[in-house]
file target_5.pdb (PDB, C-alpha atoms)
ATOM      1  CA  ALA A  10      35.257  22.705 -79.642
ATOM      2  CA  GLN A  11      34.777  19.390 -81.347
ATOM      3  CA  SER A  12      34.798  16.012 -79.623
ATOM      4  CA  VAL A  13      34.540  12.333 -80.509
ATOM      5  CA  THR A  14      32.942   9.572 -78.472
ATOM      6  CA  GLN A  15      33.657   5.901 -78.959
ATOM      7  CA  LEU A  16      31.419   4.229 -76.430
ATOM      8  CA  ASP A  17      32.852   0.734 -76.775
ATOM      9  CA  SER A  18      36.381   0.380 -75.461
ATOM     10  CA  GLN A  19      36.535  -3.336 -76.334
ATOM     11  CA  VAL A  20      34.560  -5.404 -78.824
ATOM     12  CA  PRO A  21      35.055  -9.192 -79.018
ATOM     13  CA  VAL A  22      33.648 -10.803 -82.173
ATOM     14  CA  PHE A  23      33.720 -14.328 -83.539
ATOM     15  CA  GLU A  24      35.554 -14.822 -86.807
ATOM     16  CA  GLU A  25      33.327 -14.366 -89.889
ATOM     17  CA  ALA A  26      30.682 -12.567 -87.816
ATOM     18  CA  PRO A  27      29.650  -8.953 -88.581
ATOM     19  CA  VAL A  28      30.872  -6.063 -86.477
ATOM     20  CA  GLU A  29      29.942  -2.432 -85.881
ATOM     21  CA  LEU A  30      32.227   0.006 -84.073
ATOM     22  CA  ARG A  31      30.367   3.093 -82.966
ATOM     23  CA  CYS A  32      31.547   6.681 -83.298
ATOM     24  CA  ASN A  33      29.644   9.845 -82.452
ATOM     25  CA  TYR A  34      30.991  13.357 -82.765
ATOM     26  CA  SER A  35      30.098  16.816 -81.575
ATOM     27  CA  SER A  36      30.860  19.986 -83.507
ATOM     28  CA  SER A  37      29.236  23.342 -84.161
ATOM     29  CA  VAL A  38      30.601  23.454 -87.713
ATOM     30  CA  SER A  39      30.911  21.049 -90.613
ATOM     31  CA  VAL A  40      33.383  18.223 -90.153
ATOM     32  CA  TYR A  41      35.527  15.734 -91.958
ATOM     33  CA  LEU A  42      35.586  12.241 -90.465
ATOM     34  CA  PHE A  43      38.238   9.551 -90.354
ATOM     35  CA  TRP A  44      38.804   6.030 -89.090
ATOM     36  CA  TYR A  45      42.377   5.047 -88.283
ATOM     37  CA  VAL A  46      43.535   1.527 -87.385
ATOM     38  CA  GLN A  47      46.486   0.580 -85.204
ATOM     39  CA  TYR A  48      47.644  -3.015 -85.552
ATOM     40  CA  PRO A  49      49.719  -4.497 -82.722
ATOM     41  CA  ASN A  50      53.152  -2.854 -82.538
ATOM     42  CA  GLN A  51      52.464  -0.659 -85.556
ATOM     43  CA  GLY A  52      51.657   2.990 -86.150
ATOM     44  CA  LEU A  53      48.293   4.515 -86.991
ATOM     45  CA  GLN A  54      47.074   3.865 -90.528
ATOM     46  CA  LEU A  55      44.192   5.587 -92.278
ATOM     47  CA  LEU A  56      41.376   3.113 -92.893
ATOM     48  CA  LEU A  57      38.824   5.386 -94.558
ATOM     49  CA  LYS A  58      37.611   8.967 -94.591
ATOM     50  CA  TYR A  59      34.569  11.086 -95.335
ATOM     51  CA  LEU A  60      35.226  14.515 -96.834
ATOM     52  CA  SER A  61      32.144  15.207 -98.966
ATOM     53  CA  GLY A  62      29.831  13.558-101.464
ATOM     54  CA  SER A  63      28.497  10.062-100.867
ATOM     55  CA  THR A  64      27.881   9.467 -97.182
ATOM     56  CA  LEU A  65      28.948   5.809 -97.492
ATOM     57  CA  VAL A  66      32.691   5.305 -97.732
ATOM     58  CA  GLU A  67      34.587   2.048 -98.083
ATOM     59  CA  SER A  68      38.070   0.755 -97.398
ATOM     60  CA  ILE A  69      40.032  -1.700 -99.503
ATOM     61  CA  ASN A  70      39.776  -4.449 -96.886
ATOM     62  CA  GLY A  71      35.986  -4.618 -96.618
ATOM     63  CA  PHE A  72      35.207  -2.014 -93.958
ATOM     64  CA  GLU A  73      32.654   0.708 -94.586
ATOM     65  CA  ALA A  74      31.381   3.697 -92.658
ATOM     66  CA  GLU A  75      28.369   5.910 -93.138
ATOM     67  CA  PHE A  76      28.248   9.590 -92.266
ATOM     68  CA  ASN A  77      24.928  10.393 -90.606
ATOM     69  CA  LYS A  78      24.678  14.141 -90.055
ATOM     70  CA  SER A  79      21.358  14.048 -88.198
ATOM     71  CA  GLN A  80      22.668  11.524 -85.694
ATOM     72  CA  THR A  81      26.215  12.959 -85.741
ATOM     73  CA  SER A  82      27.586   9.473 -86.230
ATOM     74  CA  PHE A  83      30.197   7.730 -88.345
ATOM     75  CA  HIS A  84      29.931   4.062 -87.382
ATOM     76  CA  LEU A  85      32.354   1.540 -88.854
ATOM     77  CA  ARG A  86      31.047  -1.804 -90.095
ATOM     78  CA  LYS A  87      32.297  -5.006 -91.649
ATOM     79  CA  PRO A  88      29.983  -7.856 -92.663
ATOM     80  CA  SER A  89      32.502 -10.628 -91.924
ATOM     81  CA  VAL A  90      35.643 -10.163 -89.830
ATOM     82  CA  HIS A  91      38.938 -12.035 -90.006
ATOM     83  CA  ILE A  92      41.645 -12.732 -87.480
ATOM     84  CA  SER A  93      43.798 -10.133 -89.224
ATOM     85  CA  ASP A  94      41.284  -7.412 -88.285
ATOM     86  CA  THR A  95      42.414  -7.630 -84.664
ATOM     87  CA  ALA A  96      43.549  -4.083 -83.873
ATOM     88  CA  GLU A  97      42.604  -0.854 -82.174
ATOM     89  CA  TYR A  98      40.350   1.441 -84.167
ATOM     90  CA  PHE A  99      40.242   5.203 -83.682
ATOM     91  CA  CYS A 100      37.596   7.574 -84.982
ATOM     92  CA  ALA A 101      38.748  11.142 -85.613
ATOM     93  CA  VAL A 102      37.203  14.428 -86.689
ATOM     94  CA  ARG A 103      38.590  17.585 -88.254
ATOM     95  CA  VAL A 104      36.461  20.701 -88.532
ATOM     96  CA  ASP A 105      35.847  22.479 -91.815
ATOM     97  CA  ASP A 106      37.575  25.639 -90.700
ATOM     98  CA  PHE A 107      40.517  27.026 -92.621
ATOM     99  CA  GLY A 108      43.652  26.929 -90.520
ATOM    100  CA  ASN A 109      42.258  24.430 -88.042
ATOM    101  CA  GLU A 110      44.020  21.307 -89.193
ATOM    102  CA  LYS A 111      44.204  19.212 -86.074
ATOM    103  CA  LEU A 112      42.543  15.838 -85.739
ATOM    104  CA  THR A 113      40.502  15.167 -82.607
ATOM    105  CA  PHE A 114      40.452  11.467 -81.773
ATOM    106  CA  GLY A 115      38.173   9.246 -79.762
ATOM    107  CA  THR A 116      39.559   6.969 -77.079
ATOM    108  CA  GLY A 117      39.640   3.967 -79.400
ATOM    109  CA  THR A 118      37.915   0.585 -79.648
ATOM    110  CA  ARG A 119      39.941  -2.579 -79.317
ATOM    111  CA  LEU A 120      38.546  -5.194 -81.710
ATOM    112  CA  THR A 121      39.384  -8.766 -80.777
ATOM    113  CA  ILE A 122      38.517 -11.558 -83.175
ATOM    114  CA  ILE A 123      37.727 -14.902 -81.589
ATOM    115  CA  PRO A 124      38.625 -17.959 -83.736
TER     116      PRO A 124
ATOM    117  CA  ASP B 296      57.783   7.144-100.328
ATOM    118  CA  THR B 297      59.370   5.684 -97.226
ATOM    119  CA  GLY B 298      56.766   6.888 -94.757
ATOM    120  CA  VAL B 299      57.121   9.030 -91.671
ATOM    121  CA  SER B 300      60.051   8.024 -89.489
ATOM    122  CA  GLN B 301      60.667   8.865 -85.854
ATOM    123  CA  ASN B 302      63.748   8.520 -83.701
ATOM    124  CA  PRO B 303      64.351   7.192 -81.192
ATOM    125  CA  ARG B 304      61.581   4.605 -80.976
ATOM    126  CA  HIS B 305      61.991   4.321 -77.223
ATOM    127  CA  LYS B 306      63.449   6.677 -74.646
ATOM    128  CA  ILE B 307      63.837   6.112 -70.932
ATOM    129  CA  THR B 308      64.939   9.062 -68.886
ATOM    130  CA  LYS B 309      65.060  10.252 -65.309
ATOM    131  CA  ARG B 310      62.790  12.975 -64.043
ATOM    132  CA  GLY B 311      64.302  16.381 -64.595
ATOM    133  CA  GLN B 312      66.308  15.447 -67.668
ATOM    134  CA  ASN B 313      65.787  16.967 -71.113
ATOM    135  CA  VAL B 314      64.861  14.826 -74.098
ATOM    136  CA  THR B 315      64.629  15.504 -77.813
ATOM    137  CA  PHE B 316      62.737  13.526 -80.439
ATOM    138  CA  ARG B 317      63.107  13.727 -84.187
ATOM    139  CA  CYS B 318      60.521  13.292 -86.925
ATOM    140  CA  ASP B 319      61.248  12.943 -90.637
ATOM    141  CA  PRO B 320      58.080  13.446 -92.680
ATOM    142  CA  ILE B 321      57.225  11.962 -96.034
ATOM    143  CA  SER B 322      59.279  13.722 -98.662
ATOM    144  CA  GLU B 323      57.644  16.913 -99.980
ATOM    145  CA  HIS B 324      54.925  16.942 -97.315
ATOM    146  CA  ASN B 325      54.620  20.553 -96.231
ATOM    147  CA  ARG B 326      52.595  19.965 -93.061
ATOM    148  CA  LEU B 327      53.917  18.240 -89.970
ATOM    149  CA  TYR B 328      52.019  17.463 -86.778
ATOM    150  CA  TRP B 329      52.879  16.288 -83.277
ATOM    151  CA  TYR B 330      50.436  14.328 -81.131
ATOM    152  CA  ARG B 331      50.721  12.647 -77.737
ATOM    153  CA  GLN B 332      49.018   9.381 -76.818
ATOM    154  CA  THR B 333      48.734   8.076 -73.285
ATOM    155  CA  LEU B 334      47.607   4.605 -72.295
ATOM    156  CA  GLY B 335      43.946   3.993 -73.020
ATOM    157  CA  GLN B 336      43.486   7.296 -74.821
ATOM    158  CA  GLY B 337      43.434   8.451 -78.390
ATOM    159  CA  PRO B 338      46.139  10.734 -79.735
ATOM    160  CA  GLU B 339      45.918  14.349 -78.573
ATOM    161  CA  PHE B 340      47.060  17.209 -80.776
ATOM    162  CA  LEU B 341      50.120  19.152 -79.624
ATOM    163  CA  THR B 342      51.209  21.383 -82.491
ATOM    164  CA  TYR B 343      51.594  21.629 -86.241
ATOM    165  CA  PHE B 344      53.797  23.272 -88.839
ATOM    166  CA  GLN B 345      53.212  24.384 -92.365
ATOM    167  CA  ASN B 346      56.679  24.427 -93.887
ATOM    168  CA  GLU B 347      58.827  26.021 -91.169
ATOM    169  CA  ALA B 348      56.045  28.065 -89.561
ATOM    170  CA  GLN B 349      54.459  26.756 -86.362
ATOM    171  CA  LEU B 350      50.800  27.620 -86.894
ATOM    172  CA  GLU B 351      48.998  26.148 -83.913
ATOM    173  CA  LYS B 352      49.903  25.020 -80.411
ATOM    174  CA  SER B 353      47.678  23.158 -78.001
ATOM    175  CA  ARG B 354      47.276  24.196 -74.379
ATOM    176  CA  LEU B 355      48.770  20.779 -73.629
ATOM    177  CA  LEU B 356      52.079  22.139 -74.871
ATOM    178  CA  SER B 357      53.462  23.685 -71.691
ATOM    179  CA  ASP B 358      56.472  25.989 -71.563
ATOM    180  CA  ARG B 359      58.680  22.938 -71.069
ATOM    181  CA  PHE B 360      57.831  21.739 -74.567
ATOM    182  CA  SER B 361      59.279  23.250 -77.723
ATOM    183  CA  ALA B 362      59.040  22.121 -81.312
ATOM    184  CA  GLU B 363      60.972  23.278 -84.325
ATOM    185  CA  ARG B 364      61.041  22.652 -88.026
ATOM    186  CA  PRO B 365      63.932  24.864 -89.063
ATOM    187  CA  LYS B 366      64.144  24.112 -92.786
ATOM    188  CA  GLY B 367      60.636  22.924 -93.382
ATOM    189  CA  SER B 368      61.724  19.299 -93.521
ATOM    190  CA  PHE B 369      62.415  17.304 -90.328
ATOM    191  CA  SER B 370      61.132  18.451 -86.952
ATOM    192  CA  THR B 371      62.295  18.095 -83.373
ATOM    193  CA  LEU B 372      60.248  18.048 -80.195
ATOM    194  CA  GLU B 373      62.137  18.864 -77.000
ATOM    195  CA  ILE B 374      60.866  18.381 -73.478
ATOM    196  CA  GLN B 375      62.809  20.141 -70.749
ATOM    197  CA  ARG B 376      62.840  19.085 -67.102
ATOM    198  CA  THR B 377      60.790  15.975 -67.792
ATOM    199  CA  GLU B 378      58.094  14.898 -65.350
ATOM    200  CA  GLN B 379      56.540  11.486 -64.829
ATOM    201  CA  GLY B 380      53.345  12.806 -66.385
ATOM    202  CA  ASP B 381      55.217  13.282 -69.647
ATOM    203  CA  SER B 382      55.424   9.507 -70.083
ATOM    204  CA  ALA B 383      53.515   8.778 -73.288
ATOM    205  CA  MET B 384      53.811   7.852 -76.948
ATOM    206  CA  TYR B 385      54.730  10.891 -79.039
ATOM    207  CA  LEU B 386      53.411  10.631 -82.571
ATOM    208  CA  CYS B 387      54.400  12.594 -85.626
ATOM    209  CA  ALA B 388      52.304  12.882 -88.767
ATOM    210  CA  SER B 389      52.735  14.659 -92.078
ATOM    211  CA  SER B 390      50.497  15.669 -94.943
ATOM    212  CA  LEU B 391      50.587  17.432 -98.273
ATOM    213  CA  SER B 392      48.321  20.445 -98.201
ATOM    214  CA  ARG B 393      45.608  20.190-100.843
ATOM    215  CA  GLY B 394      42.952  22.395 -99.345
ATOM    216  CA  HIS B 395      40.875  20.282 -96.983
ATOM    217  CA  SER B 396      41.454  16.909 -98.547
ATOM    218  CA  ASP B 397      44.910  16.191 -97.181
ATOM    219  CA  THR B 398      45.402  13.014 -95.200
ATOM    220  CA  GLN B 399      47.694  12.839 -92.186
ATOM    221  CA  TYR B 400      50.146   9.922 -92.313
ATOM    222  CA  PHE B 401      51.525   8.835 -88.966
ATOM    223  CA  GLY B 402      54.922   7.597 -87.938
ATOM    224  CA  PRO B 403      55.499   4.685 -85.528
ATOM    225  CA  GLY B 404      55.938   6.994 -82.553
ATOM    226  CA  THR B 405      58.514   7.522 -79.815
ATOM    227  CA  ARG B 406      57.639   5.957 -76.492
ATOM    228  CA  LEU B 407      58.897   8.071 -73.595
ATOM    229  CA  THR B 408      59.206   6.657 -70.095
ATOM    230  CA  VAL B 409      60.125   9.074 -67.319
ATOM    231  CA  LEU B 410      61.339   7.357 -64.164
TER     232      LEU B 410
END
call {"tool": "encode", "arguments": {"input": "target_5.pdb", "output": "structure tokens"}}
result
Amino acid sequence: AQSVTQLDSQVPVFEEAPVELRCNYSSSVSVYLFWYVQYPNQGLQLLLKYLSGSTLVESINGFEAEFNKSQTSFHLRKPSVHISDTAEYFCAVRVDDFGNEKLTFGTGTRLTIIP
Amino acid sequence: DTGVSQNPRHKITKRGQNVTFRCDPISEHNRLYWYRQTLGQGPEFLTYFQNEAQLEKSRLLSDRFSAERPKGSFSTLEIQRTEQGDSAMYLCASSLSRGHSDTQYFGPGTRLTVL
């Protein structure tokens, strides 16, 4: 069975500083990887995803993540954070196995931006 | 595209009572998923439908839980004889099947509190 580990439950960062949210996964088969964001009092929103092709994927609001198969990681980065990035971030994996459509989520990382 | 909607948004019930939640997916999405999220955890998969067929159920879905999607559109999740351990956020998501590239879009969730 697949699993996702987000080692950092909380990450405080000063505004305009860079940030990295770590995500490692475990799976015996190929995977698809996702980052979802949950802003305060809102539902989960897809931030970015890796399905195939280029291992570096980007979101429209400046986040990027790189799929590293050898290290089984999909860390999320942003070079300069803003107050509006305050949210909880969830990494998720889905295996490349027809009929197995469920997402397996990590426990989340709460990103707090300090003015 | 009005997004995934869920009703009610909040439900408080007494232990032993039955509750039913409704999910309306994005129009024309043929897949519908239910997840449960407890405090400090990521969402956990419960079950999913492709059209009206329930294709996968998690072991988390005990006999007290039942989900339906009778016409392949909206879905209901019923919990019978609720227990305090059922207190959680119940999330619904939908997607349009396009092989392995479909993205799950989440609703705002129904927060259940069992007293």
call {"tool": "resolve_selection", "arguments": {"input": "target_5.pdb", "expression": "the PyMOL selection byres ((chain B) within 12 of (chain A))", "output": "JSON, numbers by chain"}}
result
{"B": [298, 299, 300, 301, 304, 326, 327, 328, 329, 330, 331, 332, 333, 334, 335, 336, 337, 338, 339, 340, 341, 342, 343, 344, 345, 349, 350, 351, 352, 353, 384, 385, 386, 387, 388, 389, 390, 391, 392, 393, 394, 395, 396, 397, 398, 399, 400, 401, 402, 403, 404, 405, 406]}
call {"tool": "atom_distance", "arguments": {"input": "target_5.pdb", "atom1": "CA of Thr408 (chain B)", "atom2": "CA of Val314 (chain B)"}}
result
10.7 Å
call {"tool": "resolve_selection", "arguments": {"input": "target_5.pdb", "expression": "the PyMOL selection byres ((chain A and resi 85) around 7)", "output": "PDB file with C-alpha atoms, in the frame of the given file"}}
result
ATOM      1  CA  GLU A  29      29.942  -2.432 -85.881  1.00  0.00           C
ATOM      2  CA  LEU A  30      32.227   0.006 -84.073  1.00  0.00           C
ATOM      3  CA  ARG A  31      30.367   3.093 -82.966  1.00  0.00           C
ATOM      4  CA  PHE A  72      35.207  -2.014 -93.958  1.00  0.00           C
ATOM      5  CA  GLU A  73      32.654   0.708 -94.586  1.00  0.00           C
ATOM      6  CA  ALA A  74      31.381   3.697 -92.658  1.00  0.00           C
ATOM      7  CA  PHE A  83      30.197   7.730 -88.345  1.00  0.00           C
ATOM      8  CA  HIS A  84      29.931   4.062 -87.382  1.00  0.00           C
ATOM      9  CA  ARG A  86      31.047  -1.804 -90.095  1.00  0.00           C
TER      10      ARG A  86
END
call {"tool": "atom_distance", "arguments": {"input": "target_5.pdb", "atom1": "CA of Gln312 (chain B)", "atom2": "CA of Ser368 (chain B)"}}
result
26.5 Å
call {"tool": "closest_residue", "arguments": {"input": "target_5.pdb", "among": "B:Asn325, B:Ser357, B:Thr297, B:Asn346", "to": "Thr377 (chain B)", "atoms": "all atoms listed in the file"}}
result
B:Ser357
call {"tool": "axis_aligned_box", "arguments": {"input": "target_5.pdb", "around": "region 38-48 of chain A", "padding_each_side": "5 Å", "output": "AutoDock Vina command-line options"}}
result
--center_x 39.1 --center_y 10.2 --center_z -88.6 --size_x 27.0 --size_y 36.5 --size_z 16.8
call {"tool": "atom_distance", "arguments": {"input": "target_5.pdb", "atom1": "CA of Pro21 (chain A)", "atom2": "CA of Trp44 (chain A)"}}
result
18.6 Å
call {"tool": "resolve_selection", "arguments": {"input": "target_5.pdb", "expression": "the PyMOL selection byres ((chain A and resi 87) around 12)", "output": "PyMOL selection string"}}
result
chain A and resi 22+24-30+66-75+84-86+88-91+94+120
call {"tool": "closest_residue", "arguments": {"input": "target_5.pdb", "among": "A:Thr95, A:Gln19, A:Thr81, A:Thr64", "to": "Tyr34 (chain A)", "atoms": "only C-alpha atoms"}}
result
A:Thr81
call {"tool": "residues_around", "arguments": {"input": "target_5.pdb", "residues": "Ser382 (chain B)", "least_positions_apart": "2", "cutoff": "6 Å", "atoms": "only C-alpha atoms", "output": "list in words"}}
result
Gln379, Gly380, Leu407, Thr408 and Val409 of chain B
call {"tool": "residues_around", "arguments": {"input": "target_5.pdb", "residues": "Arg317 (chain B)", "least_positions_apart": "5", "cutoff": "7 Å", "atoms": "all atoms listed in the file", "output": "list in words"}}
result
Gln301, Asn302, Ser370, Thr371 and Leu372 of chain B
call {"tool": "closest_residue", "arguments": {"input": "target_5.pdb", "among": "A:Leu57, A:Asn77, A:Ser82, A:Ser37", "to": "Thr14 (chain A)", "atoms": "only C-alpha atoms"}}
result
A:Ser82
call {"tool": "closest_residue", "arguments": {"input": "target_5.pdb", "among": "B:Leu355, B:Glu373, B:Ala383, B:Lys366", "to": "Phe316 (chain B)", "atoms": "all atoms listed in the file"}}
result
B:Glu373
